[in-house]
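Text of query15.cif (mmCIF, C-alpha atoms) as supplied:
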data_work
#
loop_
_atom_site.label_atom_id
_atom_site.label_comp_id
_atom_site.auth_asym_id
_atom_site.auth_seq_id
_atom_site.Cartn_x
_atom_site.Cartn_y
_atom_site.Cartn_z
CA MET O 1 -38.54 0.89 16.23
CA ALA O 2 -37.84 -0.22 19.80
CA THR O 3 -35.19 2.05 21.28
CA LYS O 4 -32.06 0.31 22.48
CA THR O 5 -29.96 1.53 25.35
CA ILE O 6 -26.81 3.40 24.33
CA ARG O 7 -24.73 0.50 25.61
CA ALA O 8 -26.69 -2.05 23.53
CA GLU O 9 -26.45 0.24 20.50
CA TYR O 10 -22.67 0.21 20.81
CA LEU O 11 -22.25 -3.45 21.71
CA LYS O 12 -24.35 -4.80 18.83
CA GLY O 13 -21.55 -3.96 16.39
CA LEU O 14 -19.07 -6.05 18.33
CA TRP O 15 -20.91 -9.35 18.06
CA ASP O 16 -24.67 -9.56 17.26
CA GLU O 17 -24.36 -7.38 14.17
CA ASN O 18 -20.58 -7.57 13.65
CA PRO O 19 -20.11 -6.19 10.13
CA VAL O 20 -17.74 -8.93 8.96
CA LEU O 21 -18.66 -12.01 11.00
CA ARG O 22 -22.46 -11.57 11.10
CA GLN O 23 -23.36 -9.23 8.23
CA ILE O 24 -20.61 -10.54 5.91
CA LEU O 25 -19.89 -6.98 4.72
CA GLY O 26 -16.60 -5.26 3.87
CA LEU O 27 -14.89 -8.51 2.88
CA CYS O 28 -12.65 -6.96 0.20
CA PRO O 29 -10.39 -5.05 2.63
CA THR O 30 -10.85 -7.82 5.20
CA LEU O 31 -9.22 -10.32 2.87
CA ALA O 32 -6.83 -8.00 1.07
CA VAL O 33 -4.95 -6.12 3.77
CA THR O 34 -4.84 -8.53 6.70
CA GLY O 35 -1.52 -10.11 5.73
CA THR O 36 0.13 -8.06 8.46
CA VAL O 37 -1.27 -6.59 11.68
CA ILE O 38 -0.09 -3.06 10.93
CA THR O 39 -1.93 -2.85 7.58
CA GLY O 40 -5.02 -4.48 9.09
CA LEU O 41 -5.02 -1.97 11.93
CA ALA O 42 -4.42 0.99 9.60
CA MET O 43 -7.31 -0.13 7.39
CA GLY O 44 -9.54 -0.52 10.47
CA LEU O 45 -8.69 2.99 11.69
CA ALA O 46 -9.13 4.60 8.25
CA THR O 47 -12.53 2.90 7.89
CA THR O 48 -13.47 4.05 11.41
CA PHE O 49 -12.68 7.66 10.52
CA VAL O 50 -14.77 7.50 7.33
CA LEU O 51 -17.67 5.67 9.01
CA ILE O 52 -17.89 8.01 12.00
CA PHE O 53 -17.77 11.24 10.01
CA SER O 54 -20.07 9.98 7.24
CA SER O 55 -22.61 8.88 9.86
CA LEU O 56 -22.41 12.26 11.59
CA VAL O 57 -22.94 14.18 8.35
CA VAL O 58 -25.66 11.90 6.95
CA SER O 59 -27.64 11.84 10.20
CA SER O 60 -27.40 15.66 10.46
CA ILE O 61 -28.66 16.36 6.94
CA LYS O 62 -30.99 13.38 6.51
CA LYS O 63 -34.17 15.49 6.46
CA LEU O 64 -32.86 17.75 3.69
CA ILE O 65 -32.01 14.94 1.26
CA PRO O 66 -34.75 13.88 -1.17
CA ALA O 67 -35.09 10.07 -1.12
CA GLN O 68 -34.37 9.81 -4.86
CA VAL O 69 -30.83 11.19 -4.54
CA ARG O 70 -29.98 9.84 -1.09
CA ILE O 71 -27.52 7.16 -2.28
CA ALA O 72 -25.73 9.65 -4.56
CA THR O 73 -25.48 12.10 -1.67
CA TYR O 74 -24.15 9.44 0.71
CA ILE O 75 -21.51 8.43 -1.83
CA VAL O 76 -20.33 12.04 -2.25
CA VAL O 77 -20.07 12.41 1.53
CA ILE O 78 -18.29 9.05 1.95
CA ALA O 79 -15.92 9.69 -0.98
CA SER O 80 -14.93 13.04 0.53
CA PHE O 81 -13.94 11.48 3.84
CA VAL O 82 -12.14 8.63 2.08
CA THR O 83 -10.11 11.16 0.09
CA ILE O 84 -9.23 12.99 3.29
CA ALA O 85 -8.13 9.70 4.93
CA ASP O 86 -6.07 8.81 1.85
CA GLN O 87 -4.35 12.22 1.70
CA PHE O 88 -3.68 12.14 5.44
CA LEU O 89 -2.05 8.69 5.26
CA LYS O 90 0.04 9.74 2.24
CA ALA O 91 1.21 12.87 4.05
CA PHE O 92 1.87 11.52 7.53
CA PHE O 93 2.10 7.72 7.27
CA TYR O 94 3.64 7.29 3.82
CA PRO O 95 4.96 3.70 4.22
CA ILE O 96 1.58 2.48 5.49
CA SER O 97 -0.18 4.30 2.68
CA GLU O 98 2.14 2.57 0.18
CA ALA O 99 1.48 -0.82 1.79
CA LEU O 100 -2.30 -0.34 1.65
CA GLY O 101 -2.08 0.72 -2.00
CA PRO O 102 -5.46 1.05 -3.71
CA TYR O 103 -7.40 -0.28 -0.73
CA VAL O 104 -7.71 3.11 0.97
CA PRO O 105 -9.50 4.74 -1.99
CA LEU O 106 -11.57 1.55 -2.20
CA ILE O 107 -13.09 2.26 1.25
CA VAL O 108 -15.62 4.27 -0.81
CA VAL O 109 -17.21 1.01 -1.94
CA ASN O 110 -16.96 -0.72 1.44
CA CYS O 111 -20.55 -1.84 2.01
CA ILE O 112 -20.26 -1.43 5.78
CA ILE O 113 -20.17 2.34 5.35
CA LEU O 114 -22.91 2.78 2.76
CA GLY O 115 -24.93 0.09 4.55
CA ARG O 116 -24.84 1.93 7.88
CA GLN O 117 -25.90 5.22 6.24
CA GLU O 118 -28.85 3.57 4.50
CA ALA O 119 -29.87 1.28 7.38
CA PHE O 120 -29.12 3.48 10.37
CA SER O 121 -27.86 7.07 10.08
CA SER O 122 -30.60 8.12 7.65
CA ARG O 123 -33.24 7.05 10.21
CA ASN O 124 -31.68 7.89 13.57
CA SER O 125 -30.46 10.86 15.57
CA VAL O 126 -26.90 12.19 15.33
CA GLY O 127 -26.01 10.81 18.77
CA ARG O 128 -27.29 7.30 18.06
CA SER O 129 -25.63 7.28 14.64
CA LEU O 130 -22.33 8.15 16.30
CA ILE O 131 -22.71 5.29 18.80
CA ASP O 132 -23.68 2.91 16.01
CA ALA O 133 -20.67 3.97 13.92
CA LEU O 134 -18.34 3.54 16.91
CA GLY O 135 -19.73 0.07 17.62
CA MET O 136 -19.51 -1.10 14.00
CA SER O 137 -15.98 0.31 13.69
CA THR O 138 -14.85 -1.43 16.87
CA GLY O 139 -16.32 -4.70 15.58
CA PHE O 140 -14.57 -4.21 12.25
CA ILE O 141 -11.20 -3.36 13.84
CA LEU O 142 -11.37 -6.32 16.23
CA THR O 143 -12.18 -8.71 13.39
CA LEU O 144 -9.34 -7.34 11.24
CA LEU O 145 -6.98 -7.61 14.19
CA ALA O 146 -7.97 -11.23 14.84
CA LEU O 147 -7.58 -12.13 11.18
CA SER O 148 -4.30 -10.27 10.66
CA SER O 149 -2.75 -11.55 13.91
CA ILE O 150 -3.42 -15.17 12.93
CA ARG O 151 -2.12 -14.57 9.39
CA GLU O 152 1.01 -12.65 10.38
CA ILE O 153 2.00 -15.01 13.21
CA LEU O 154 1.53 -18.17 11.15
CA GLY O 155 2.57 -16.68 7.81
CA ALA O 156 5.67 -14.78 8.87
CA GLY O 157 6.31 -15.80 12.50
CA THR O 158 6.03 -12.15 13.54
CA PHE O 159 3.52 -9.87 15.30
CA LEU O 160 3.59 -6.17 14.40
CA GLY O 161 6.93 -6.93 12.78
CA TYR O 162 8.47 -8.40 15.95
CA GLN O 163 9.64 -12.01 15.85
CA VAL O 164 7.36 -14.06 18.12
CA MET O 165 8.02 -17.57 16.88
CA GLY O 166 11.28 -19.37 17.64
CA PRO O 167 13.87 -20.38 15.05
CA TRP O 168 12.23 -23.82 14.87
CA PHE O 169 9.18 -22.27 13.22
CA LYS O 170 8.88 -22.49 9.45
CA PRO O 171 6.48 -19.75 8.26
CA TRP O 172 3.35 -20.98 6.46
CA ILE O 173 3.69 -18.67 3.48
CA ILE O 174 0.18 -19.54 2.29
CA MET O 175 -1.22 -17.61 5.27
CA ILE O 176 0.03 -14.26 3.94
CA LEU O 177 -1.09 -15.11 0.40
CA PRO O 178 -4.72 -14.48 -0.66
CA ALA O 179 -5.61 -18.13 -0.04
CA GLY O 180 -4.62 -17.73 3.63
CA GLY O 181 -7.07 -14.82 3.92
CA PHE O 182 -9.94 -16.97 2.68
CA ILE O 183 -8.96 -19.93 4.87
CA THR O 184 -8.66 -17.80 8.03
CA LEU O 185 -11.87 -15.88 7.35
CA GLY O 186 -13.70 -19.16 6.68
CA ILE O 187 -12.50 -20.61 9.98
CA LEU O 188 -13.43 -17.43 11.91
CA LEU O 189 -16.90 -17.38 10.29
CA GLY O 190 -17.34 -21.04 11.18
CA ILE O 191 -16.39 -20.37 14.80
CA ALA O 192 -18.72 -17.34 14.95
CA LEU O 193 -21.66 -19.33 13.57
CA THR O 194 -20.99 -22.25 15.92
CA ILE O 195 -20.93 -19.94 18.95
CA GLU O 196 -24.09 -18.23 17.72
CA SER O 197 -26.03 -21.46 17.20
CA ARG O 198 -24.94 -22.79 20.61
CA THR O 199 -26.02 -19.63 22.44
CA LYS O 200 -29.36 -19.72 20.61
CA ARG O 201 -29.96 -23.33 21.59
CA SER O 202 -29.15 -22.72 25.22
CA MET Z 1 -40.30 23.86 -4.56
CA SER Z 2 -40.50 21.04 -7.11
CA LEU Z 3 -38.80 17.75 -6.37
CA SER Z 4 -36.35 18.05 -9.24
CA SER Z 5 -35.20 21.50 -8.11
CA ARG Z 6 -34.70 20.14 -4.59
CA MET Z 7 -32.66 17.23 -5.94
CA ILE Z 8 -30.49 19.55 -7.99
CA ILE Z 9 -29.98 21.99 -5.13
CA VAL Z 10 -29.12 19.29 -2.59
CA LEU Z 11 -26.66 17.43 -4.82
CA THR Z 12 -25.02 20.62 -6.05
CA THR Z 13 -24.64 21.98 -2.53
CA VAL Z 14 -23.22 18.73 -1.16
CA GLY Z 15 -20.86 18.51 -4.16
CA LEU Z 16 -19.68 22.10 -3.76
CA ILE Z 17 -19.10 21.86 -0.02
CA SER Z 18 -17.26 18.58 -0.38
CA GLY Z 19 -15.20 19.89 -3.32
CA GLY Z 20 -14.21 23.01 -1.39
CA PHE Z 21 -13.30 20.97 1.64
CA LEU Z 22 -11.16 18.57 -0.40
CA ALA Z 23 -9.40 21.43 -2.15
CA GLY Z 24 -8.42 22.73 1.30
CA VAL Z 25 -7.18 19.33 2.46
CA ALA Z 26 -5.21 18.84 -0.78
CA LYS Z 27 -3.57 22.22 -0.28
CA LEU Z 28 -2.57 21.34 3.26
CA THR Z 29 -1.12 17.91 2.43
CA LYS Z 30 0.29 18.48 -1.07
CA GLU Z 31 3.68 19.75 0.00
CA ARG Z 32 4.17 17.01 2.57
CA ILE Z 33 3.23 14.27 0.13
CA ALA Z 34 5.68 15.65 -2.45
CA LEU Z 35 8.39 15.72 0.25
CA ASN Z 36 7.65 12.09 1.15
CA ILE Z 37 8.03 10.98 -2.46
CA GLN Z 38 11.19 13.05 -2.83
CA ALA Z 39 12.65 11.58 0.37
CA GLU Z 40 11.92 8.05 -0.83
CA ILE Z 41 13.82 8.71 -4.08
CA GLU Z 42 16.74 10.38 -2.32
CA GLU Z 43 17.03 7.49 0.11
CA ALA Z 44 17.02 4.99 -2.78
CA ILE Z 45 19.76 6.97 -4.57
CA LYS Z 46 21.96 7.01 -1.47
CA GLU Z 47 21.57 3.24 -1.21
CA VAL Z 48 22.91 2.62 -4.71
CA VAL Z 49 25.43 5.43 -5.24
CA ASP Z 50 28.01 5.97 -2.50
CA ASP Z 51 28.51 9.57 -1.31
CA ALA Z 52 25.71 10.90 -3.54
CA GLU Z 53 24.74 14.33 -2.25
CA ILE Z 54 23.59 16.50 -5.15
CA SER Z 55 21.17 15.06 -7.72
CA THR Z 56 20.47 16.44 -11.18
CA VAL Z 57 17.95 14.90 -13.55
CA LEU Z 58 19.80 14.21 -16.82
CA TYR Z 59 17.07 12.48 -18.71
CA GLU Z 60 13.41 11.68 -18.12
CA GLU Z 61 10.83 9.66 -20.01
CA GLU Z 62 7.84 7.47 -19.09
CA GLY Z 63 9.15 4.87 -16.63
CA LEU Z 64 12.80 5.98 -16.70
CA VAL Z 65 14.65 8.79 -14.92
CA ILE Z 66 18.42 9.18 -15.01
CA TYR Z 67 20.12 11.24 -12.30
CA ARG Z 68 23.68 12.46 -12.17
CA GLU Z 69 25.03 12.30 -8.63
CA LEU Z 70 27.71 14.60 -7.29
CA GLU Z 71 29.57 14.31 -4.02
CA GLU Z 72 29.44 17.13 -1.49
CA ASP Z 73 32.61 18.72 -2.93
CA GLY Z 74 31.26 18.58 -6.50
CA ASP Z 75 33.13 15.47 -7.68
CA LEU Z 76 31.15 13.00 -9.75
CA ALA Z 77 29.83 10.18 -7.52
CA GLY Z 78 28.03 8.23 -10.21
CA PHE Z 79 24.63 7.92 -11.85
CA ALA Z 80 21.32 6.66 -10.50
CA ILE Z 81 18.69 5.17 -12.76
CA GLN Z 82 15.10 4.93 -11.63
CA ALA Z 83 13.03 2.54 -13.75
CA ILE Z 84 9.52 1.16 -13.73
CA GLY Z 85 8.57 -2.09 -15.42
CA VAL Z 86 6.18 -4.99 -15.27
CA GLY Z 87 6.75 -7.55 -12.52
CA PHE Z 88 5.05 -10.87 -11.87
CA GLN Z 89 2.05 -9.37 -10.04
CA ASP Z 90 2.21 -5.65 -10.64
CA LYS Z 91 4.60 -2.87 -11.59
CA ILE Z 92 8.06 -2.84 -10.01
CA THR Z 93 9.80 0.50 -9.39
CA LEU Z 94 13.50 0.19 -8.80
CA MET Z 95 16.66 2.28 -8.61
CA PHE Z 96 20.14 1.18 -9.58
CA GLY Z 97 23.43 2.97 -9.53
CA LEU Z 98 26.17 3.22 -12.16
CA ASP Z 99 29.77 4.19 -11.43
CA GLU Z 100 31.43 7.37 -12.78
CA THR Z 101 32.45 5.63 -16.01
CA LEU Z 102 28.97 4.23 -16.66
CA THR Z 103 30.40 0.73 -17.04
CA LYS Z 104 29.56 -0.88 -13.72
CA ILE Z 105 26.37 -1.31 -11.68
CA THR Z 106 27.13 -0.24 -8.13
CA GLY Z 107 23.95 -1.53 -6.51
CA LEU Z 108 20.22 -1.94 -6.80
CA THR Z 109 17.26 -1.24 -4.56
CA ILE Z 110 13.52 -1.79 -4.98
CA ILE Z 111 11.34 1.27 -4.36
CA ASP Z 112 7.93 -0.30 -4.90
CA GLN Z 113 6.70 -3.81 -5.67
CA LYS Z 114 3.66 -5.99 -5.11
CA GLU Z 115 5.24 -9.41 -5.78
CA THR Z 116 4.04 -12.53 -3.95
CA PRO Z 117 4.75 -12.10 -0.22
CA GLY Z 118 7.34 -14.57 1.01
CA LEU Z 119 8.44 -15.55 -2.53
CA GLY Z 120 8.76 -12.88 -5.24
CA ALA Z 121 8.84 -10.17 -2.57
CA LYS Z 122 12.33 -11.44 -1.71
CA ILE Z 123 13.57 -9.11 -4.47
CA THR Z 124 13.65 -6.51 -1.66
CA ASP Z 125 15.79 -8.78 0.55
CA TRP Z 126 19.45 -7.86 0.81
CA ASN Z 127 20.77 -11.34 1.51
CA ALA Z 128 18.58 -13.18 -0.95
CA PHE Z 129 18.87 -10.82 -3.89
CA LEU Z 130 20.12 -7.24 -3.64
CA ARG Z 131 23.71 -7.98 -2.51
CA PHE Z 132 24.26 -9.89 -5.78
CA TRP Z 133 23.77 -6.65 -7.74
CA GLU Z 134 26.93 -4.91 -6.58
CA ASP Z 135 29.77 -4.56 -9.10
CA ARG Z 136 27.93 -5.95 -12.15
CA ASP Z 137 29.11 -5.25 -15.67
CA ALA Z 138 26.96 -2.57 -17.33
CA THR Z 139 28.51 -2.65 -20.80
CA GLY Z 140 26.28 -5.44 -22.14
CA PRO Z 141 23.09 -7.31 -21.24
CA LEU Z 142 23.10 -9.17 -17.92
CA SER Z 143 21.90 -12.75 -17.58
CA LEU Z 144 20.23 -14.74 -14.83
CA ARG Z 145 22.17 -17.45 -12.98
CA LYS Z 146 19.99 -20.49 -12.31
CA PRO Z 147 20.12 -22.51 -10.10
CA SER Z 148 21.08 -19.78 -7.69
CA VAL Z 149 24.45 -19.54 -5.97
CA HIS Z 150 25.27 -18.62 -2.39
CA THR Z 151 27.89 -15.88 -2.74
CA PRO Z 152 28.43 -13.03 -5.25
CA GLU Z 153 31.96 -14.38 -5.93
CA GLU Z 154 30.49 -17.44 -7.65
CA LEU Z 155 28.85 -15.25 -10.31
CA LEU Z 156 30.37 -13.86 -13.49
CA ALA Z 157 30.40 -10.06 -13.69
CA THR Z 158 27.59 -10.27 -16.25
CA GLU Z 159 25.41 -12.54 -14.13
CA ILE Z 160 22.65 -11.90 -11.61
CA ASN Z 161 21.59 -14.44 -9.01
CA SER Z 162 18.06 -15.83 -9.26
CA ILE Z 163 15.84 -16.36 -6.22
CA THR Z 164 14.85 -19.97 -5.64
CA ALA Z 165 11.06 -20.36 -6.13
CA ALA Z 166 10.82 -16.80 -7.46
CA THR Z 167 12.61 -17.01 -10.80
CA ILE Z 168 9.97 -14.92 -12.58
CA SER Z 169 10.25 -11.98 -10.17
CA SER Z 170 14.06 -12.04 -10.33
CA ARG Z 171 13.93 -12.27 -14.13
CA LYS Z 172 11.48 -9.34 -14.30
CA VAL Z 173 13.87 -7.15 -12.29
CA LEU Z 174 16.69 -8.21 -14.60
CA GLU Z 175 14.58 -7.35 -17.69
CA ILE Z 176 13.79 -3.88 -16.31
CA VAL Z 177 17.51 -3.25 -15.67
CA ASN Z 178 18.56 -4.62 -19.08
CA LEU Z 179 16.00 -2.43 -20.87
CA SER Z 180 17.12 0.63 -18.91
CA LEU Z 181 20.77 -0.15 -19.66
CA ASP Z 182 19.96 -0.37 -23.39
CA LYS Z 183 18.47 3.09 -23.16
CA VAL Z 184 21.43 4.41 -21.15
CA ARG Z 185 23.88 3.06 -23.75
CA GLU Z 186 21.79 4.62 -26.52
CA LEU Z 187 21.89 7.97 -24.72
CA ILE Z 188 25.64 7.68 -24.18
CA ALA Z 189 26.09 6.98 -27.92
CA LYS Z 190 24.06 10.09 -28.69
CA GLY Z 191 26.23 12.05 -26.30
CA LYS Z 192 23.31 12.92 -24.03
CA ILE Z 193 24.95 11.33 -21.00
CA THR Z 194 28.65 11.68 -20.41
CA ASP Z 195 30.88 11.05 -17.46
CA GLU Z 196 32.81 14.25 -18.05
CA GLU Z 197 30.23 16.94 -18.44
CA HIS Z 198 30.32 18.09 -14.83
CA ASP Z 199 33.73 19.73 -14.98
CA GLY Z 200 34.09 20.11 -18.73
CA ASN Z 201 37.31 18.09 -19.17
#
Let me see the structure of the file written as structure tokens.
Amino acid sequence: MATKTIRAEYLKGLWDENPVLRQILGLCPTLAVTGTVITGLAMGLATTFVLIFSSLVVSSIKKLIPAQVRIATYIVVIASFVTIADQFLKAFFYPISEALGPYVPLIVVNCIILGRQEAFSSRNSVGRSLIDALGMSTGFILTLLALSSIREILGAGTFLGYQVMGPWFKPWIIMILPAGGFITLGILLGIALTIESRTKRS
Amino acid sequence: MSLSSRMIIVLTTVGLISGGFLAGVAKLTKERIALNIQAEIEEAIKEVVDDAEISTVLYEEEGLVIYRELEEDGDLAGFAIQAIGVGFQDKITLMFGLDETLTKITGLTIIDQKETPGLGAKITDWNAFLRFWEDRDATGPLSLRKPSVHTPEELLATEINSITAATISSRKVLEIVNLSLDKVRELIAKGKITDEEHDGN
């Protein structure tokens, strides 16, 4: 495997291998909790915590795990960090935890996390796995922020709860409903693919 | 070492470490989480029963808790009823208050709901829905006023305002309250809830 520079390792998660826009992974939370910016951001940060610590643990113990039980081991590790994130939110950010509902425990089955353990952390050093996890998390957070900003501004006329649209604006309620999630994600994916094909051509 | 022993050892060790770690985290956060839930309930009670300071659970069953509320000086402030029922999308948890004589609803607040954002979720909105719950008659079943009206004065004491474009969510809230009131009246008839017990007169 050709070794990338640390910078390239980090940056790949932001665009070239962006988990949502390029790998089409982790779409359940992406669609479900991006109705408001605050829930989108909280989900992004909780996923970041789980991804970083799971990658650190998996890359540190990778040589000890027999291949046959690797997925089971990864899931135990991931589930532990998800439970910690869930308990932490319930204890210190109760309203956000209530708003996210079952989607925090569901981080366990977020394919971005398991995918990075299988594709990266189980084959790379602890340092590189950390950089990879940071890059993927940043890409995930930025995508959730883009999606939730569009949905909250158009769907409620607010950003982070603050009114940003004038009284003339009639909120497009569909944007904060599930359909709005699909529409916005579809448009963002379309834009990402268009940019990608143009840069390839040039 | 054989492969199967290695698999067993690795999985058991990872499971034990993670279990121990989680037990520690649960211990650290348990108290705080319980306090958060408690605070949420206390806040809801204060919203629906004026001057409520001291709560006592009078009755508890699946999906229904009845609290007696005393003022700071020990006078009866009223009763708070916490109820859970099925909404349009998911369960709705709400709290409503009854006056000292158990004949009038003093107010209602929604603790938890997952109704449609922008439509059914208006059941949490004071202007659109909650203000129409003050001073309702609690001696019989309440009914839904449709089409909706603009001020509480236009409603009968036994009526609740519906939310335009969210009739189902408003009706679901009404059903939860009506069911809880049936139970409250049944408990009053059995003598399990009284408005006089606190000072024995």
Between O:Leu89, O:Ala156, O:Leu142, O:Leu56, which one has atoms that come closest to Ser125 of chain O, using only C-alpha atoms?
O:Leu56
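Across the structure, atom CA of Gly35 of chain O and atom CA of Ile176 of chain O are spaced 4.8 Å apart.
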What are the residues of chain Z that have an atom within 9 Å of an atom of chain O, counting all atoms listed in the file, as an MDAnalysis selection string?
chainID Z and resid 3 6:7 10:11 14:15 18:19 21:22 25:26 29:37 112 114 116:119
Got a sec to resolve the PyMOL selection byres ((chain Z and resi 167-184) around 7) on this structure and send the residues as JSON, numbers by chain?
{"Z": [83, 85, 86, 87, 88, 120, 123, 141, 142, 144, 162, 163, 164, 165, 166, 185, 186, 187, 188]}
List the neighbours of Ser143 of chain Z out to 7 Å using all atoms listed in the file; skip same-chain residues closer than 2 positions along the sequence, and give me the result as a ChimeraX atom specification.
/Z:141,145,158-160
Quick one: residues within 9 Å of Glu196 of chain O, all atoms listed in the file, excluding same-chain residues fewer than 5 positions away - as a ChimeraX atom specification?
/O:16,191,201
Pull segment 167-174 of chain O out of the block and emit all heavy atoms, as an mmCIF file, in the first residue's frame.
data_model
loop_
_atom_site.group_PDB
_atom_site.id
_atom_site.type_symbol
_atom_site.label_atom_id
_atom_site.label_comp_id
_atom_site.auth_asym_id
_atom_site.auth_seq_id
_atom_site.Cartn_x
_atom_site.Cartn_y
_atom_site.Cartn_z
ATOM 1 N N PRO O 167 -39.899 38.120 8.365
ATOM 2 C CA PRO O 167 -41.297 37.721 8.546
ATOM 3 C C PRO O 167 -41.994 37.354 7.234
ATOM 4 O O PRO O 167 -43.023 36.682 7.245
ATOM 5 C CB PRO O 167 -41.935 38.965 9.184
ATOM 6 C CG PRO O 167 -40.952 40.070 9.009
ATOM 7 C CD PRO O 167 -39.611 39.486 8.772
ATOM 8 N N TRP O 168 -41.419 37.783 6.103
ATOM 9 C CA TRP O 168 -42.004 37.457 4.804
ATOM 10 C C TRP O 168 -41.873 35.974 4.481
ATOM 11 O O TRP O 168 -42.582 35.425 3.664
ATOM 12 C CB TRP O 168 -41.308 38.258 3.684
ATOM 13 C CG TRP O 168 -39.806 38.130 3.760
ATOM 14 C CD1 TRP O 168 -38.960 38.933 4.465
ATOM 15 C CD2 TRP O 168 -38.984 37.112 3.164
ATOM 16 N NE1 TRP O 168 -37.663 38.494 4.336
ATOM 17 C CE2 TRP O 168 -37.649 37.374 3.548
ATOM 18 C CE3 TRP O 168 -39.243 36.007 2.344
ATOM 19 C CZ2 TRP O 168 -36.586 36.580 3.150
ATOM 20 C CZ3 TRP O 168 -38.176 35.217 1.941
ATOM 21 C CH2 TRP O 168 -36.868 35.503 2.346
ATOM 22 N N PHE O 169 -40.930 35.321 5.162
ATOM 23 C CA PHE O 169 -40.610 33.934 4.796
ATOM 24 C C PHE O 169 -41.602 32.935 5.365
ATOM 25 O O PHE O 169 -41.868 32.917 6.554
ATOM 26 C CB PHE O 169 -39.199 33.587 5.273
ATOM 27 C CG PHE O 169 -38.779 32.180 4.935
ATOM 28 C CD1 PHE O 169 -38.442 31.829 3.632
ATOM 29 C CD2 PHE O 169 -38.755 31.197 5.916
ATOM 30 C CE1 PHE O 169 -38.074 30.532 3.313
ATOM 31 C CE2 PHE O 169 -38.383 29.888 5.599
ATOM 32 C CZ PHE O 169 -38.044 29.572 4.295
ATOM 33 N N LYS O 170 -42.145 32.091 4.493
ATOM 34 C CA LYS O 170 -43.061 31.040 4.948
ATOM 35 C C LYS O 170 -42.263 29.737 4.961
ATOM 36 O O LYS O 170 -41.794 29.281 3.916
ATOM 37 C CB LYS O 170 -44.223 30.946 3.953
ATOM 38 C CG LYS O 170 -45.271 29.951 4.311
ATOM 39 C CD LYS O 170 -46.558 30.617 4.772
ATOM 40 C CE LYS O 170 -47.615 29.582 5.114
ATOM 41 N NZ LYS O 170 -47.720 29.264 6.502
ATOM 42 N N PRO O 171 -42.039 29.145 6.157
ATOM 43 C CA PRO O 171 -41.196 27.941 6.222
ATOM 44 C C PRO O 171 -41.705 26.803 5.319
ATOM 45 O O PRO O 171 -42.904 26.572 5.242
ATOM 46 C CB PRO O 171 -41.292 27.533 7.694
ATOM 47 C CG PRO O 171 -41.689 28.750 8.414
ATOM 48 C CD PRO O 171 -42.533 29.547 7.474
ATOM 49 N N TRP O 172 -40.750 26.142 4.644
ATOM 50 C CA TRP O 172 -41.121 24.980 3.820
ATOM 51 C C TRP O 172 -41.099 23.766 4.742
ATOM 52 O O TRP O 172 -40.049 23.144 4.902
ATOM 53 C CB TRP O 172 -40.105 24.734 2.704
ATOM 54 C CG TRP O 172 -39.761 25.898 1.850
ATOM 55 C CD1 TRP O 172 -40.258 27.171 1.913
ATOM 56 C CD2 TRP O 172 -38.805 25.906 0.783
ATOM 57 N NE1 TRP O 172 -39.684 27.954 0.969
ATOM 58 C CE2 TRP O 172 -38.788 27.208 0.256
ATOM 59 C CE3 TRP O 172 -37.972 24.939 0.220
ATOM 60 C CZ2 TRP O 172 -37.957 27.564 -0.801
ATOM 61 C CZ3 TRP O 172 -37.158 25.296 -0.819
ATOM 62 C CH2 TRP O 172 -37.156 26.593 -1.337
ATOM 63 N N ILE O 173 -42.248 23.456 5.320
ATOM 64 C CA ILE O 173 -42.271 22.405 6.345
ATOM 65 C C ILE O 173 -41.708 21.083 5.824
ATOM 66 O O ILE O 173 -41.083 20.326 6.555
ATOM 67 C CB ILE O 173 -43.703 22.254 6.892
ATOM 68 C CG1 ILE O 173 -43.990 23.467 7.775
ATOM 69 C CG2 ILE O 173 -43.862 20.996 7.729
ATOM 70 C CD1 ILE O 173 -45.404 23.614 8.201
ATOM 71 N N ILE O 174 -41.874 20.837 4.536
ATOM 72 C CA ILE O 174 -41.389 19.554 3.982
ATOM 73 C C ILE O 174 -39.896 19.363 4.240
ATOM 74 O O ILE O 174 -39.423 18.233 4.388
ATOM 75 C CB ILE O 174 -41.704 19.452 2.466
ATOM 76 C CG1 ILE O 174 -41.445 18.023 1.987
ATOM 77 C CG2 ILE O 174 -40.903 20.457 1.652
ATOM 78 C CD1 ILE O 174 -41.963 17.693 0.647
#
